[in-house]
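This report refers to the structure that appears directly beneath it.
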Amino acid sequence: MEDLEKELSTHGLTISSFPDKGRCLFATRDFSPGEVIICQDPYASTPTNSPADLRCDGCFASSNLKKCSACRIAWYCGSRCQKLEWKLHQLECQALVGLNEDRRKMLTPSIRLMVRLVLKSKLQSEQVIPSTATDNYNLIEALMAHMSDIGEKKLILYAQMANLVNLILPSLEINIKEVARNFSKLACNAHTICDSELRPLGTGLYPVISIINHSCLPNSVLVFEGRLAVVRAVEPIAKGAEVSISYIETAASTTTRQKALKEQYLFTCTCSRCMKVGLYEDLQESAVLEGYRCKDKKCDGFLLLDSDKKVFICQQCGLVRTQQEIEKIATEVEQLSEKATLSQSSGNFFEASAMYKIIEQLQLQLCHPLSINLMRTRETLLKILMELKDWRGALSYCRLTIPVYERVYPAIHPLVGLQYYTCGKLEWLIEETRVALKSFTKAADVLRITHGTSTPFVKELFSKLEEARAEAAYSLKQHD
């Protein structure tokens, strides 16, 4: 690991280890908001291809794709990506060509990712593919597998998946126990590769990025440029401070976040936000984000359960709501949500829109105005109305979500910037230029830090911002 330490030191970083946290990444110099802390290409990656959304194996682009004529599984956007991937795909291709139809159906993204990981380690050991300080199999071996922490069902599943990899690569002498351990490592360490708007595209294993620990109040953000993982500071990071990112959706109560981290990553978070668990401040936040509203519509108080009396009591005005009353509305929401989801997935957007609007009205009776569940319903309605090209309707829901986003996320968070960007684009479409200018400006203030200023995505935002600025100035001049 000396080579890795030497490489990290050139970036102002170092690794430290602690008994309760394992390896951590620390800054050895100051980092400013928006500054790249570290970036890494994946050791192995695979797109989550579907018939409706195919991606290049090399760069995850979606245009000009051609299928590999031999295996008919891999896709490439051009000769450049195909050549860069060829040494690896040549072996993969030979293995995939020999699969019967049943085995091909078992080739999930996780299985294919492991196949590619095994083949890359073989090619590196044979010096066909070069190893570097930040790209070698020793880094995979150093990752935590948590084999002693996972249940018997998962252990059996990983063993079955390892056997399948062995069947796909019969010519290699595979250590099945090692592959099973690596499946456990993937579960805890792999990252979902997303586009600039945080839509999932595939999965990659980034062993150096995996050293960075989680915080529910992180000082950095992980975004992707194609397959390249880029970690940027979102606040000033002082020399000697630990670098942290978020592994999960942080718009949730402490209990929900802790449950997600324990189930997926097998640890209990002890960040400053989680240390408030059980305190009144944390109870209030949980009740607002995931609890129920006061029966009095004019009151914005939150409810806590009185377990003895089996009632919820508003902590502001004292009004009571019974569990029976709440369960009745919650059941209606659950039943209608199942039907609405089915309508949406089948492309019946008019029907889905009508159902989600009923769900929204029920949730307004049930949930606090800043509820996560209500926000999610409005996000869904925003997407559906955009599908229906109802720009004004979509804009009204986009605007309703922003106050909640600003409460549940830090000021510099990619989702906040993206929501302002969506707002600006909708305002631009309905020719509300001055308002769009404000939204684009707010989006740019966030996304220039989280996404950098040189990506095509942010450059397009800057272009829209300048266009809106010029049009607003021209409009103002015309009215003078």
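Following the order of the structure tokens, chains are lettered A, B, ..., residues in each are numbered from 1, and ligands are numbered from 1.
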Those of region 159-296 of chain A in DSSP strand (DSSP E or B), formatted as a ChimeraX atom specification: /A:191-194,200-205,213-214,220-225,228-233,237,242,244-245,292-293
Determine which residues of region 157-386 of chain A receive a DSSP assignment of helix (DSSP H, G or I), computed from the backbone, and state them as a ChimeraX atom specification. /A:157-168,176-189,209-211,254-265,274-276,280-290,323-345,349-366,372-386
So which residues touch region 291-302 of chain A within 8 Å, counting only C-alpha atoms, skipping near sequence neighbours fewer than 3 positions away, as a list in words?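 With the cut-off at 8 Å, the set is Gln284, Ser286, Ala287, Val288, Cys314, Gln315, Gln316, Cys317, Leu319, Val320, Arg321, Gln365, Leu366, Cys367, His368, Pro369 and Ser371 of chain A.
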Selected residues, C-alpha atoms, written as a PDB file, in the first residue's frame, please.
ATOM      1  CA  GLN A 284     -39.056  16.454  16.255  1.00  0.00           C
ATOM      2  CA  SER A 286     -38.382  12.347  12.679  1.00  0.00           C
ATOM      3  CA  ALA A 287     -41.979  13.318  13.430  1.00  0.00           C
ATOM      4  CA  VAL A 288     -41.900  16.060  10.787  1.00  0.00           C
ATOM      5  CA  CYS A 314     -49.746  17.519  18.759  1.00  0.00           C
ATOM      6  CA  GLN A 315     -46.728  18.970  20.555  1.00  0.00           C
ATOM      7  CA  GLN A 316     -47.795  22.513  19.698  1.00  0.00           C
ATOM      8  CA  CYS A 317     -51.533  22.742  20.385  1.00  0.00           C
ATOM      9  CA  LEU A 319     -54.926  18.182  19.790  1.00  0.00           C
ATOM     10  CA  VAL A 320     -55.238  14.384  19.674  1.00  0.00           C
ATOM     11  CA  ARG A 321     -55.453  12.004  16.683  1.00  0.00           C
ATOM     12  CA  GLN A 365     -54.721  15.155   5.726  1.00  0.00           C
ATOM     13  CA  LEU A 366     -52.230  12.666   7.142  1.00  0.00           C
ATOM     14  CA  CYS A 367     -48.672  14.035   6.841  1.00  0.00           C
ATOM     15  CA  HIS A 368     -46.819  17.092   8.054  1.00  0.00           C
ATOM     16  CA  PRO A 369     -46.442  19.675   5.217  1.00  0.00           C
ATOM     17  CA  SER A 371     -43.174  15.201   5.071  1.00  0.00           C
TER      18      SER A 371
END
Which residues are near region 41-56 of chain A? Cut-off 8 Å, only C-alpha atoms, ignore same chain within fewer than 3 positions. Put them as an NGL selection string. :A and (59-63 or 65 or 74-77 or 81 or 109 or 112-114 or 116-117 or 120 or 135-136 or 201-207 or 227-229)
Could you list, as number ranges by chain, every residue within 12 Å of Leu164 (chain A), counting only C-alpha atoms and ignoring same-chain residues fewer than 6 positions away? A: 99, 102-108, 110-112, 114-115, 157-158, 170, 174, 176, 179-180, 183
Nearest to Lys276 (chain A): which of A:Ser148, A:Ala352, A:Thr255, A:Ser125 is it, counting only C-alpha atoms?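 Using only C-alpha atoms, the shortest distance to Lys276 (chain A) belongs to A:Thr255.
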Report, in Å to a single decimal, how far apart CA of Tyr420 (chain A) and CA of Asn219 (chain A) are. 21.3 Å
Select, from A:Leu381, A:Arg376, A:Leu364, A:Ser17, the residue with the minimum atom-to-atom distance to Phe350 (chain A), counting only C-alpha atoms. A:Leu381
What separates CA of Val36 (chain A) and CA of Val230 (chain A) is a distance of 6.9 Å
Write out as a PyMOL selection string the residues lying within 9 Å of Cys271 (chain A), counting only C-alpha atoms and excluding same-chain residues fewer than 3 positions away. chain A and resi 214-217+274-275
Produce a file of the selected residues containing C-alpha atoms, as a JSON list (two decimals), in the first residue's frame.
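Once written, again_15.json looks like this:
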[["chain", "number", "residue", "atom", "x", "y", "z"],
["A", 214, "HIS", "CA", -19.96, 7.80, 5.25],
["A", 215, "SER", "CA", -21.47, 10.75, 7.08],
["A", 216, "CYS", "CA", -25.10, 11.90, 7.11],
["A", 217, "LEU", "CA", -23.61, 15.43, 7.02],
["A", 274, "CYS", "CA", -26.83, 10.50, 14.19],
["A", 275, "MET", "CA", -25.46, 11.22, 17.66]]
Report the distance between CA of Gly98 (chain A) and CA of Asn163 (chain A) in Å, rounded to one decimal place.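 Result for CA of Gly98 (chain A) versus CA of Asn163 (chain A): 16.4 Å, one decimal.
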Pick out the closest residue to Leu222 (chain A) from this set: A:Gly452, A:Gly240, A:Pro130, A:Gly278. Count only C-alpha atoms. A:Gly452
Kindly indicate which residue among A:Gln324, A:Thr134, A:Gln90, A:Ser16 lies nearest to Leu4 (chain A), using only C-alpha atoms for the distances.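 Of A:Gln324, A:Thr134, A:Gln90, A:Ser16, the one nearest Leu4 (chain A), counting only C-alpha atoms, is A:Thr134.
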Which of these, A:Glu101, A:Asp30, A:Glu235, A:Glu427, has the shortest distance to Ala411 (chain A) once you count only C-alpha atoms? A:Glu235
